[in-house]
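One structure is given here, and the rest of the page talks about it.
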Number of protein chains: 2
Amino acid sequence: MKSPQKRLDEILSKLRQREFRITPQRIAILKAFIRNDEHPSVEQVHAQVKINFPTTSLATVYKTVNLLKEIGEILELSFPDGRNRYDCRKPYPHPHLICINCQAILDPEVGSVARMTTEVEQNSGYRILSHQLEFFGVCPACQRK
Amino acid sequence: MKSPQKRLDEILSKLRQREFRITPQRIAILKAFIRNDEHPSVEQVHAQVKINFPTTSLATVYKTVNLLKEIGEILELSFPDGRNRYDCRKPYPHPHLICINCQAILDPEVGSVARMTTEVEQNSGYRILSHQLEFFGVCPACQRK
DNA sequence: ATACATGCAAAACATTTGCATAAGA
DNA sequence: TCTTATGCAAATGTTTTGCATGTAT
């Protein structure tokens, strides 16, 4: 697991390299996304950022998310309820395990995803570029309630 | 593969059994969902239904979708673009293969989904109830362009 | 007859956009 | 300085809701 600081530097240097500007808001938004391993929503990150930068607007957070999507440094998770959540630590496709009771999100180890992708690619003739894999269930803690 | 007529009767008898009313609009909406194997959006089904029932409102289609979700007879696919699409033929979780160019949706055969679910269940302690698995790529026809 | 479904319009919700102002390079 | 980012408000697009009217049972 990469350290939050390393991950932040990684993204910052990519932004510099592509001549995007490093603003206090962007740094704060990035930190909020990276520090939070709960796959936060835009709303949650905005709330976090406003603690230190009270004037930060929701629009700026959305614009930053789109910028991060463009440079491939954030993964967007679309949910049935229409509220997207994000993974800025691992911006590449990977499985998620979601508790439908407490909304906790885990990254389970799944051995066979790559194999499965190859299988589908060969059977269908599609060139597969990405995927989305979510498991919905009840976590151990919520099962006990 | 179940015949469209059989699938329609299946849903209608479930509605009757639960004492929901069978209206011409509901039948038309169901037929549009079942006839269409392209995983249509609400908008698309509404357009189809309006050919025979021009006064049908979008709200009624949405309400019917929610009714079908309640009784477990439709599968909702959430997309990053925020436009949901539906599968009323196979209302249980199954993989989808989506062309990012022409939006075609296929149901690929994937052997190892059940095995993978069991693997995640055992490693995590979660009780898994459903999943969502989408592959995004370019279909053979679009690759040639 | 009566409860439920429909259809319209308005509301709700997340997200995007336009534009004047502020600020990084 | 000069271009890009911010923040506000308004716009967008999808889905939901309230309510009067219509209709299946």
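Ligands are numbered from 1 in the order shown, chains are lettered A, B, ... in the order of the structure tokens, and residues start at 1 in each chain.
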Subject >> Non-local contacts of Val42 of chain B (12 Å; only C-alpha atoms (C1' of nucleotides); under 3 positions in same chain excluded) as a ChimeraX atom specification >> reply: /B:29-30,32-33,36,39,45-49,57-66,76-77,83-88 /D:14-15
Exercise: segment 98-107 of chain A partners within 10 Å, only C-alpha atoms (C1' of nucleotides), chain neighbours under 4 positions left out, as an mmCIF file with all heavy atoms, in the first residue's frame:
```cif
data_model
loop_
_atom_site.group_PDB
_atom_site.id
_atom_site.type_symbol
_atom_site.label_atom_id
_atom_site.label_comp_id
_atom_site.auth_asym_id
_atom_site.auth_seq_id
_atom_site.Cartn_x
_atom_site.Cartn_y
_atom_site.Cartn_z
ATOM 1 N N ASP A 37 -10.123 6.475 3.172
ATOM 2 C CA ASP A 37 -10.147 5.202 2.446
ATOM 3 C C ASP A 37 -11.557 4.611 2.386
ATOM 4 O O ASP A 37 -11.749 3.450 2.061
ATOM 5 C CB ASP A 37 -9.171 4.204 3.077
ATOM 6 C CG ASP A 37 -9.549 3.869 4.498
ATOM 7 O OD1 ASP A 37 -10.393 4.570 5.079
ATOM 8 O OD2 ASP A 37 -8.999 2.894 5.038
ATOM 9 N N GLU A 38 -12.550 5.435 2.674
ATOM 10 C CA GLU A 38 -13.942 4.982 2.701
ATOM 11 C C GLU A 38 -14.647 5.191 1.364
ATOM 12 O O GLU A 38 -15.867 5.156 1.308
ATOM 13 C CB GLU A 38 -14.726 5.718 3.790
ATOM 14 C CG GLU A 38 -14.138 5.622 5.183
ATOM 15 C CD GLU A 38 -14.321 4.234 5.784
ATOM 16 O OE1 GLU A 38 -15.435 3.722 5.702
ATOM 17 O OE2 GLU A 38 -13.328 3.673 6.290
ATOM 18 N N HIS A 39 -13.882 5.488 0.329
ATOM 19 C CA HIS A 39 -14.486 5.732 -0.976
ATOM 20 C C HIS A 39 -15.543 6.833 -0.874
ATOM 21 O O HIS A 39 -16.734 6.603 -1.074
ATOM 22 C CB HIS A 39 -15.107 4.463 -1.541
ATOM 23 C CG HIS A 39 -14.123 3.341 -1.654
ATOM 24 N ND1 HIS A 39 -13.664 2.644 -0.578
ATOM 25 C CD2 HIS A 39 -13.490 2.821 -2.719
ATOM 26 C CE1 HIS A 39 -12.809 1.732 -0.985
ATOM 27 N NE2 HIS A 39 -12.675 1.821 -2.270
ATOM 28 N N PRO A 40 -15.096 8.039 -0.552
ATOM 29 C CA PRO A 40 -16.025 9.134 -0.248
ATOM 30 C C PRO A 40 -16.770 9.663 -1.471
ATOM 31 O O PRO A 40 -16.328 9.482 -2.602
ATOM 32 C CB PRO A 40 -15.104 10.217 0.305
ATOM 33 C CG PRO A 40 -13.794 9.962 -0.349
ATOM 34 C CD PRO A 40 -13.692 8.471 -0.492
ATOM 35 N N LYS A 90 -6.450 3.910 -5.440
ATOM 36 C CA LYS A 90 -6.248 2.903 -6.480
ATOM 37 C C LYS A 90 -7.125 3.288 -7.658
ATOM 38 O O LYS A 90 -8.275 2.858 -7.742
ATOM 39 C CB LYS A 90 -6.629 1.519 -5.936
ATOM 40 C CG LYS A 90 -5.720 1.035 -4.805
ATOM 41 C CD LYS A 90 -6.370 -0.046 -3.951
ATOM 42 C CE LYS A 90 -6.499 -1.363 -4.652
ATOM 43 N NZ LYS A 90 -7.106 -2.404 -3.756
ATOM 44 N N HIS A 94 -10.880 -2.259 -9.908
ATOM 45 C CA HIS A 94 -10.673 -3.361 -8.966
ATOM 46 C C HIS A 94 -11.986 -3.614 -8.235
ATOM 47 O O HIS A 94 -12.837 -2.732 -8.169
ATOM 48 C CB HIS A 94 -9.538 -3.039 -7.993
ATOM 49 C CG HIS A 94 -9.804 -1.847 -7.118
ATOM 50 N ND1 HIS A 94 -9.602 -0.548 -7.542
ATOM 51 C CD2 HIS A 94 -10.278 -1.755 -5.858
ATOM 52 C CE1 HIS A 94 -9.927 0.275 -6.569
ATOM 53 N NE2 HIS A 94 -10.353 -0.418 -5.529
ATOM 54 N N GLU A 134 -18.708 -5.046 -8.390
ATOM 55 C CA GLU A 134 -19.124 -4.746 -7.026
ATOM 56 C C GLU A 134 -19.901 -5.923 -6.439
ATOM 57 O O GLU A 134 -20.791 -6.459 -7.096
ATOM 58 C CB GLU A 134 -20.005 -3.493 -6.998
ATOM 59 C CG GLU A 134 -19.244 -2.223 -6.722
ATOM 60 C CD GLU A 134 -18.567 -1.663 -7.958
ATOM 61 O OE1 GLU A 134 -19.252 -1.385 -8.944
ATOM 62 O OE2 GLU A 134 -17.330 -1.506 -7.939
ATOM 63 N N PHE A 135 -19.546 -6.256 -5.207
ATOM 64 C CA PHE A 135 -20.318 -7.246 -4.459
ATOM 65 C C PHE A 135 -21.110 -6.519 -3.389
ATOM 66 O O PHE A 135 -20.547 -5.675 -2.668
ATOM 67 C CB PHE A 135 -19.390 -8.263 -3.787
ATOM 68 C CG PHE A 135 -18.613 -9.109 -4.752
ATOM 69 C CD1 PHE A 135 -17.312 -8.785 -5.089
ATOM 70 C CD2 PHE A 135 -19.197 -10.228 -5.343
ATOM 71 C CE1 PHE A 135 -16.588 -9.560 -5.983
ATOM 72 C CE2 PHE A 135 -18.486 -11.014 -6.240
ATOM 73 C CZ PHE A 135 -17.176 -10.678 -6.564
ATOM 74 N N PHE A 136 -22.386 -6.827 -3.276
ATOM 75 C CA PHE A 136 -23.226 -6.211 -2.250
ATOM 76 C C PHE A 136 -23.616 -7.269 -1.224
ATOM 77 O O PHE A 136 -24.058 -8.363 -1.598
ATOM 78 C CB PHE A 136 -24.482 -5.608 -2.877
ATOM 79 C CG PHE A 136 -24.194 -4.533 -3.879
ATOM 80 C CD1 PHE A 136 -24.098 -4.830 -5.230
ATOM 81 C CD2 PHE A 136 -23.986 -3.217 -3.473
ATOM 82 C CE1 PHE A 136 -23.807 -3.848 -6.166
ATOM 83 C CE2 PHE A 136 -23.702 -2.223 -4.393
ATOM 84 C CZ PHE A 136 -23.612 -2.543 -5.747
ATOM 85 N N GLY A 137 -23.442 -6.935 0.048
ATOM 86 C CA GLY A 137 -23.775 -7.911 1.075
ATOM 87 C C GLY A 137 -23.859 -7.281 2.451
ATOM 88 O O GLY A 137 -24.023 -6.064 2.566
ATOM 89 N N VAL A 138 -23.758 -8.127 3.465
ATOM 90 C CA VAL A 138 -23.828 -7.654 4.847
ATOM 91 C C VAL A 138 -22.511 -8.003 5.530
ATOM 92 O O VAL A 138 -22.095 -9.157 5.513
ATOM 93 C CB VAL A 138 -24.999 -8.317 5.599
ATOM 94 C CG1 VAL A 138 -25.158 -7.709 6.982
ATOM 95 C CG2 VAL A 138 -26.289 -8.176 4.798
ATOM 96 N N CYS A 139 -21.862 -6.986 6.106
ATOM 97 C CA CYS A 139 -20.560 -7.211 6.721
ATOM 98 C C CYS A 139 -20.723 -7.967 8.042
ATOM 99 O O CYS A 139 -21.811 -7.999 8.616
ATOM 100 C CB CYS A 139 -19.835 -5.889 6.938
ATOM 101 S SG CYS A 139 -20.484 -4.882 8.271
ATOM 102 N N PRO A 140 -19.651 -8.581 8.535
ATOM 103 C CA PRO A 140 -19.734 -9.381 9.766
ATOM 104 C C PRO A 140 -20.354 -8.605 10.932
ATOM 105 O O PRO A 140 -21.213 -9.137 11.645
ATOM 106 C CB PRO A 140 -18.264 -9.717 10.039
ATOM 107 C CG PRO A 140 -17.631 -9.759 8.693
ATOM 108 C CD PRO A 140 -18.318 -8.688 7.913
ATOM 109 N N ALA A 141 -19.950 -7.348 11.129
ATOM 110 C CA ALA A 141 -20.483 -6.560 12.240
ATOM 111 C C ALA A 141 -21.999 -6.387 12.131
ATOM 112 O O ALA A 141 -22.726 -6.539 13.114
ATOM 113 C CB ALA A 141 -19.794 -5.191 12.292
ATOM 114 N N CYS A 142 -22.492 -6.086 10.935
ATOM 115 C CA CYS A 142 -23.931 -5.876 10.752
ATOM 116 C C CYS A 142 -24.723 -7.188 10.828
ATOM 117 O O CYS A 142 -25.908 -7.174 11.161
ATOM 118 C CB CYS A 142 -24.193 -5.179 9.419
ATOM 119 S SG CYS A 142 -23.693 -3.435 9.422
ATOM 120 N N GLN A 143 -24.068 -8.298 10.553
ATOM 121 C CA GLN A 143 -24.756 -9.589 10.659
ATOM 122 C C GLN A 143 -25.121 -9.902 12.108
ATOM 123 O O GLN A 143 -26.087 -10.587 12.397
ATOM 124 C CB GLN A 143 -23.865 -10.729 10.113
ATOM 125 C CG GLN A 143 -23.843 -10.821 8.603
ATOM 126 C CD GLN A 143 -22.853 -11.876 8.120
ATOM 127 O OE1 GLN A 143 -22.831 -12.999 8.598
ATOM 128 N NE2 GLN A 143 -22.013 -11.483 7.177
ATOM 129 N N SER B 124 -13.866 -12.813 3.349
ATOM 130 C CA SER B 124 -14.226 -11.550 3.996
ATOM 131 C C SER B 124 -15.183 -11.707 5.163
ATOM 132 O O SER B 124 -15.270 -10.825 6.019
ATOM 133 C CB SER B 124 -14.878 -10.623 2.969
ATOM 134 O OG SER B 124 -16.126 -11.158 2.564
ATOM 135 N N TYR B 126 -18.273 -11.480 4.777
ATOM 136 C CA TYR B 126 -19.515 -10.834 4.354
ATOM 137 C C TYR B 126 -20.508 -11.902 3.885
ATOM 138 O O TYR B 126 -20.110 -12.930 3.337
ATOM 139 C CB TYR B 126 -19.261 -9.904 3.154
ATOM 140 C CG TYR B 126 -18.827 -8.488 3.491
ATOM 141 C CD1 TYR B 126 -17.693 -8.233 4.259
ATOM 142 C CD2 TYR B 126 -19.548 -7.399 3.005
ATOM 143 C CE1 TYR B 126 -17.290 -6.931 4.530
ATOM 144 C CE2 TYR B 126 -19.147 -6.089 3.269
ATOM 145 C CZ TYR B 126 -18.017 -5.864 4.037
ATOM 146 O OH TYR B 126 -17.634 -4.588 4.302
ATOM 147 N N ARG B 127 -21.790 -11.650 4.084
ATOM 148 C CA ARG B 127 -22.809 -12.471 3.433
ATOM 149 C C ARG B 127 -23.189 -11.748 2.144
ATOM 150 O O ARG B 127 -23.796 -10.668 2.196
ATOM 151 C CB ARG B 127 -24.030 -12.655 4.337
ATOM 152 C CG ARG B 127 -25.103 -13.521 3.719
ATOM 153 C CD ARG B 127 -26.025 -14.164 4.772
ATOM 154 N NE ARG B 127 -26.365 -13.210 5.831
ATOM 155 C CZ ARG B 127 -27.403 -12.356 5.783
ATOM 156 N NH1 ARG B 127 -28.212 -12.364 4.754
ATOM 157 N NH2 ARG B 127 -27.634 -11.527 6.780
ATOM 158 N N ILE B 128 -22.844 -12.292 1.002
ATOM 159 C CA ILE B 128 -23.041 -11.590 -0.265
ATOM 160 C C ILE B 128 -24.418 -11.894 -0.841
ATOM 161 O O ILE B 128 -24.824 -13.046 -0.943
ATOM 162 C CB ILE B 128 -21.921 -11.948 -1.262
ATOM 163 C CG1 ILE B 128 -20.593 -11.414 -0.713
ATOM 164 C CG2 ILE B 128 -22.212 -11.365 -2.641
ATOM 165 C CD1 ILE B 128 -19.394 -11.733 -1.548
ATOM 166 N N LEU B 129 -25.141 -10.838 -1.171
ATOM 167 C CA LEU B 129 -26.514 -10.971 -1.632
ATOM 168 C C LEU B 129 -26.652 -10.734 -3.124
ATOM 169 O O LEU B 129 -27.516 -11.304 -3.777
ATOM 170 C CB LEU B 129 -27.401 -9.985 -0.877
ATOM 171 C CG LEU B 129 -27.369 -10.146 0.655
ATOM 172 C CD1 LEU B 129 -28.081 -8.989 1.328
ATOM 173 C CD2 LEU B 129 -28.002 -11.468 1.061
ATOM 174 N N HIS B 131 -24.460 -8.824 -6.842
ATOM 175 C CA HIS B 131 -23.247 -8.206 -7.366
ATOM 176 C C HIS B 131 -23.573 -7.475 -8.654
ATOM 177 O O HIS B 131 -24.693 -7.561 -9.171
ATOM 178 C CB HIS B 131 -22.167 -9.269 -7.606
ATOM 179 C CG HIS B 131 -22.504 -10.207 -8.723
ATOM 180 N ND1 HIS B 131 -23.134 -11.415 -8.521
ATOM 181 C CD2 HIS B 131 -22.335 -10.101 -10.057
ATOM 182 C CE1 HIS B 131 -23.313 -12.013 -9.672
ATOM 183 N NE2 HIS B 131 -22.859 -11.246 -10.623
#
```
Give me, as CSV, each residue of chain C that comes within 8 Å of chain A, together with its shortest interatomic pair and the distance in Å at one decimal, counting only C-alpha atoms (C1' of nucleotides), with rows ordered by chain and rising residue number.
```
residue,atom,partner,partner_atom,distance
C:DA14,C1',A:Arg83,CA,6.8
C:DT15,C1',A:Tyr62,CA,7.8
C:DG24,C1',A:Arg21,CA,6.4
C:DA25,C1',A:Arg21,CA,7.9
```
Take the residues that were just selected and, keeping C-alpha atoms (C1' of nucleotides), output them as a short mmCIF file (atom, residue, chain, number, x, y, z; two decimals), in the first residue's frame.
```
data_model
loop_
_atom_site.label_atom_id
_atom_site.label_comp_id
_atom_site.auth_asym_id
_atom_site.auth_seq_id
_atom_site.Cartn_x
_atom_site.Cartn_y
_atom_site.Cartn_z
"C1'" DA C 14 -26.59 15.21 -8.29
"C1'" DT C 15 -23.88 17.30 -11.59
"C1'" DG C 24 -0.82 30.81 -9.68
"C1'" DA C 25 2.94 30.69 -13.05
#
```
Residue contacts of DT23 of chain D (9 Å, only C-alpha atoms (C1' of nucleotides)) excluding same-chain residues fewer than 4 positions away, as a JSON list (two decimals) with N, CA and C atoms (P, O5', C5', C4', C3', O3' and C1' of nucleotides), in the first residue's frame:
```
[["chain", "number", "residue", "atom", "x", "y", "z"],
["B", 23, "THR", "N", -53.10, -2.86, -15.68],
["B", 23, "THR", "CA", -53.63, -1.79, -16.52],
["B", 23, "THR", "C", -53.02, -1.91, -17.91],
["C", 4, "DC", "P", -55.29, 0.12, -1.76],
["C", 4, "DC", "O5'", -54.68, 0.19, -3.23],
["C", 4, "DC", "C5'", -55.16, -0.69, -4.24],
["C", 4, "DC", "C4'", -55.01, -0.02, -5.58],
["C", 4, "DC", "C3'", -53.63, 0.60, -5.83],
["C", 4, "DC", "O3'", -53.15, 0.02, -7.03],
["C", 4, "DC", "C1'", -55.35, 2.09, -6.46],
["C", 5, "DA", "P", -51.74, 0.35, -7.62],
["C", 5, "DA", "O5'", -52.11, 1.17, -8.93],
["C", 5, "DA", "C5'", -52.84, 0.54, -9.97],
["C", 5, "DA", "C4'", -52.97, 1.49, -11.15],
["C", 5, "DA", "C3'", -51.65, 2.08, -11.61],
["C", 5, "DA", "O3'", -51.66, 2.07, -13.03],
["C", 5, "DA", "C1'", -53.12, 3.83, -10.96],
["C", 6, "DT", "P", -50.58, 2.80, -13.89],
["C", 6, "DT", "O5'", -51.28, 4.20, -14.17],
["C", 6, "DT", "C5'", -52.43, 4.21, -15.01],
["C", 6, "DT", "C4'", -52.79, 5.65, -15.34],
["C", 6, "DT", "C3'", -51.67, 6.44, -16.02],
["C", 6, "DT", "O3'", -52.19, 7.00, -17.22],
["C", 6, "DT", "C1'", -52.51, 7.61, -14.13]]
```
Subject >> All alpha helix (DSSP H) residues (DSSP, backbone) inside segment 26-66 of chain A, as number ranges by chain >> reply: A: 26-35, 42-52, 58-66
Subject >> 7 Å contact set for Pro108 of chain B, only C-alpha atoms (C1' of nucleotides), chain neighbours under 2 positions out, as a list in words >> reply: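 Near neighbours after the sequence-gap exclusion: Val120 of chain A; Pro95, His96, Leu97, Leu106 and Val110 of chain B.
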**OP:** Can you check which residues of chain D have any atom within 9 Å of chain A? Use only C-alpha atoms (C1' of nucleotides) and format it as a VMD selection string.
**Re:** chain D and resid 4 to 8
How would the residues just picked look written out with N, CA and C atoms (P, O5', C5', C4', C3', O3' and C1' of nucleotides) as a PDB file, in the first residue's frame?
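Full text of part.pdb as output:
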```
ATOM      1  P    DT D   4      -4.641  28.794 -20.446  1.00  0.00           P
ATOM      2  O5'  DT D   4      -5.024  28.282 -18.973  1.00  0.00           O
ATOM      3  C5'  DT D   4      -3.999  28.086 -18.011  1.00  0.00           C
ATOM      4  C4'  DT D   4      -4.605  28.124 -16.626  1.00  0.00           C
ATOM      5  C3'  DT D   4      -5.861  27.266 -16.466  1.00  0.00           C
ATOM      6  O3'  DT D   4      -5.673  26.527 -15.273  1.00  0.00           O
ATOM      7  C1'  DT D   4      -6.247  29.423 -15.634  1.00  0.00           C
ATOM      8  P    DA D   5      -6.729  25.517 -14.745  1.00  0.00           P
ATOM      9  O5'  DA D   5      -7.221  26.223 -13.410  1.00  0.00           O
ATOM     10  C5'  DA D   5      -6.284  26.465 -12.365  1.00  0.00           C
ATOM     11  C4'  DA D   5      -7.034  26.982 -11.145  1.00  0.00           C
ATOM     12  C3'  DA D   5      -8.234  26.146 -10.736  1.00  0.00           C
ATOM     13  O3'  DA D   5      -8.240  26.087  -9.315  1.00  0.00           O
ATOM     14  C1'  DA D   5      -8.946  28.351 -11.287  1.00  0.00           C
ATOM     15  P    DT D   6      -9.444  25.526  -8.515  1.00  0.00           P
ATOM     16  O5'  DT D   6     -10.235  26.863  -8.183  1.00  0.00           O
ATOM     17  C5'  DT D   6      -9.656  27.809  -7.291  1.00  0.00           C
ATOM     18  C4'  DT D   6     -10.688  28.864  -6.942  1.00  0.00           C
ATOM     19  C3'  DT D   6     -11.956  28.313  -6.299  1.00  0.00           C
ATOM     20  O3'  DT D   6     -12.170  29.031  -5.091  1.00  0.00           O
ATOM     21  C1'  DT D   6     -12.481  29.710  -8.149  1.00  0.00           C
ATOM     22  P    DG D   7     -13.194  28.503  -3.984  1.00  0.00           P
ATOM     23  O5'  DG D   7     -14.498  29.344  -4.334  1.00  0.00           O
ATOM     24  C5'  DG D   7     -14.454  30.762  -4.250  1.00  0.00           C
ATOM     25  C4'  DG D   7     -15.784  31.338  -4.705  1.00  0.00           C
ATOM     26  C3'  DG D   7     -17.013  30.629  -4.151  1.00  0.00           C
ATOM     27  O3'  DG D   7     -17.962  31.643  -3.831  1.00  0.00           O
ATOM     28  C1'  DG D   7     -17.101  30.617  -6.503  1.00  0.00           C
ATOM     29  P    DC D   8     -18.983  31.414  -2.630  1.00  0.00           P
ATOM     30  O5'  DC D   8     -20.388  31.807  -3.287  1.00  0.00           O
ATOM     31  C5'  DC D   8     -20.537  33.082  -3.873  1.00  0.00           C
ATOM     32  C4'  DC D   8     -21.303  33.003  -5.174  1.00  0.00           C
ATOM     33  C3'  DC D   8     -22.682  32.340  -5.094  1.00  0.00           C
ATOM     34  O3'  DC D   8     -23.670  33.349  -4.948  1.00  0.00           O
ATOM     35  C1'  DC D   8     -21.520  31.914  -7.160  1.00  0.00           C
TER      36       DC D   8
END
```
**OP:** Would you please give, as a list in words, all residues of segment 26-124 of chain B that DSSP assigns to strand (DSSP E) based on the backbone?
**Re:** Leu75, Glu76, Leu77, Arg85, Tyr86, Asp87, His96, Leu97, Ile98, Cys99, Ile105 and Leu106 of chain B
**OP:** Find the residue from B:Met1, B:Val113, B:Ser78, B:Arg89 that sits nearest to chain A; use only C-alpha atoms when measuring.
**Re:**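 When distances to chain A are compared using only C-alpha atoms, the smallest one comes from B:Ser78.
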Original post:
In Å to one decimal, how far is atom C1' of DT12 of chain D from atom CA of Leu68 of chain B?
Top reply: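 Taking atom CA of Leu68 of chain B as the start and atom C1' of DT12 of chain D as the end point, the length is 28.0 Å.
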Subject >> Residues near DG18 of chain C, cut-off 10 Å, only C-alpha atoms (C1' of nucleotides), skip fewer than 6 positions along chain, as a PyMOL selection string >> reply: chain D and resi 9-11
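Between atom CA of Gly125 of chain B and atom CA of Glu109 of chain A the interatomic distance comes to 12.7 Å.
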Original post:
Restricting the calculation to only C-alpha atoms, which member of B:Pro80, B:Ile11, B:Gln122, B:Arg144 is positioned closest to chain A?
Top reply: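 When distances to chain A are compared using only C-alpha atoms, the smallest one comes from B:Pro80.
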Subject >> B:Glu119, B:Lys14, B:Gln5, B:Ser112 ranked by distance to Gly72 of chain B, top pick (using only C-alpha atoms) >> reply: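 Once distances to Gly72 of chain B are computed over only C-alpha atoms, the minimum belongs to B:Lys14.
Here atom CA of Leu12 of chain A stands at a distance of 18.3 Å from atom C1' of DA23 of chain C.
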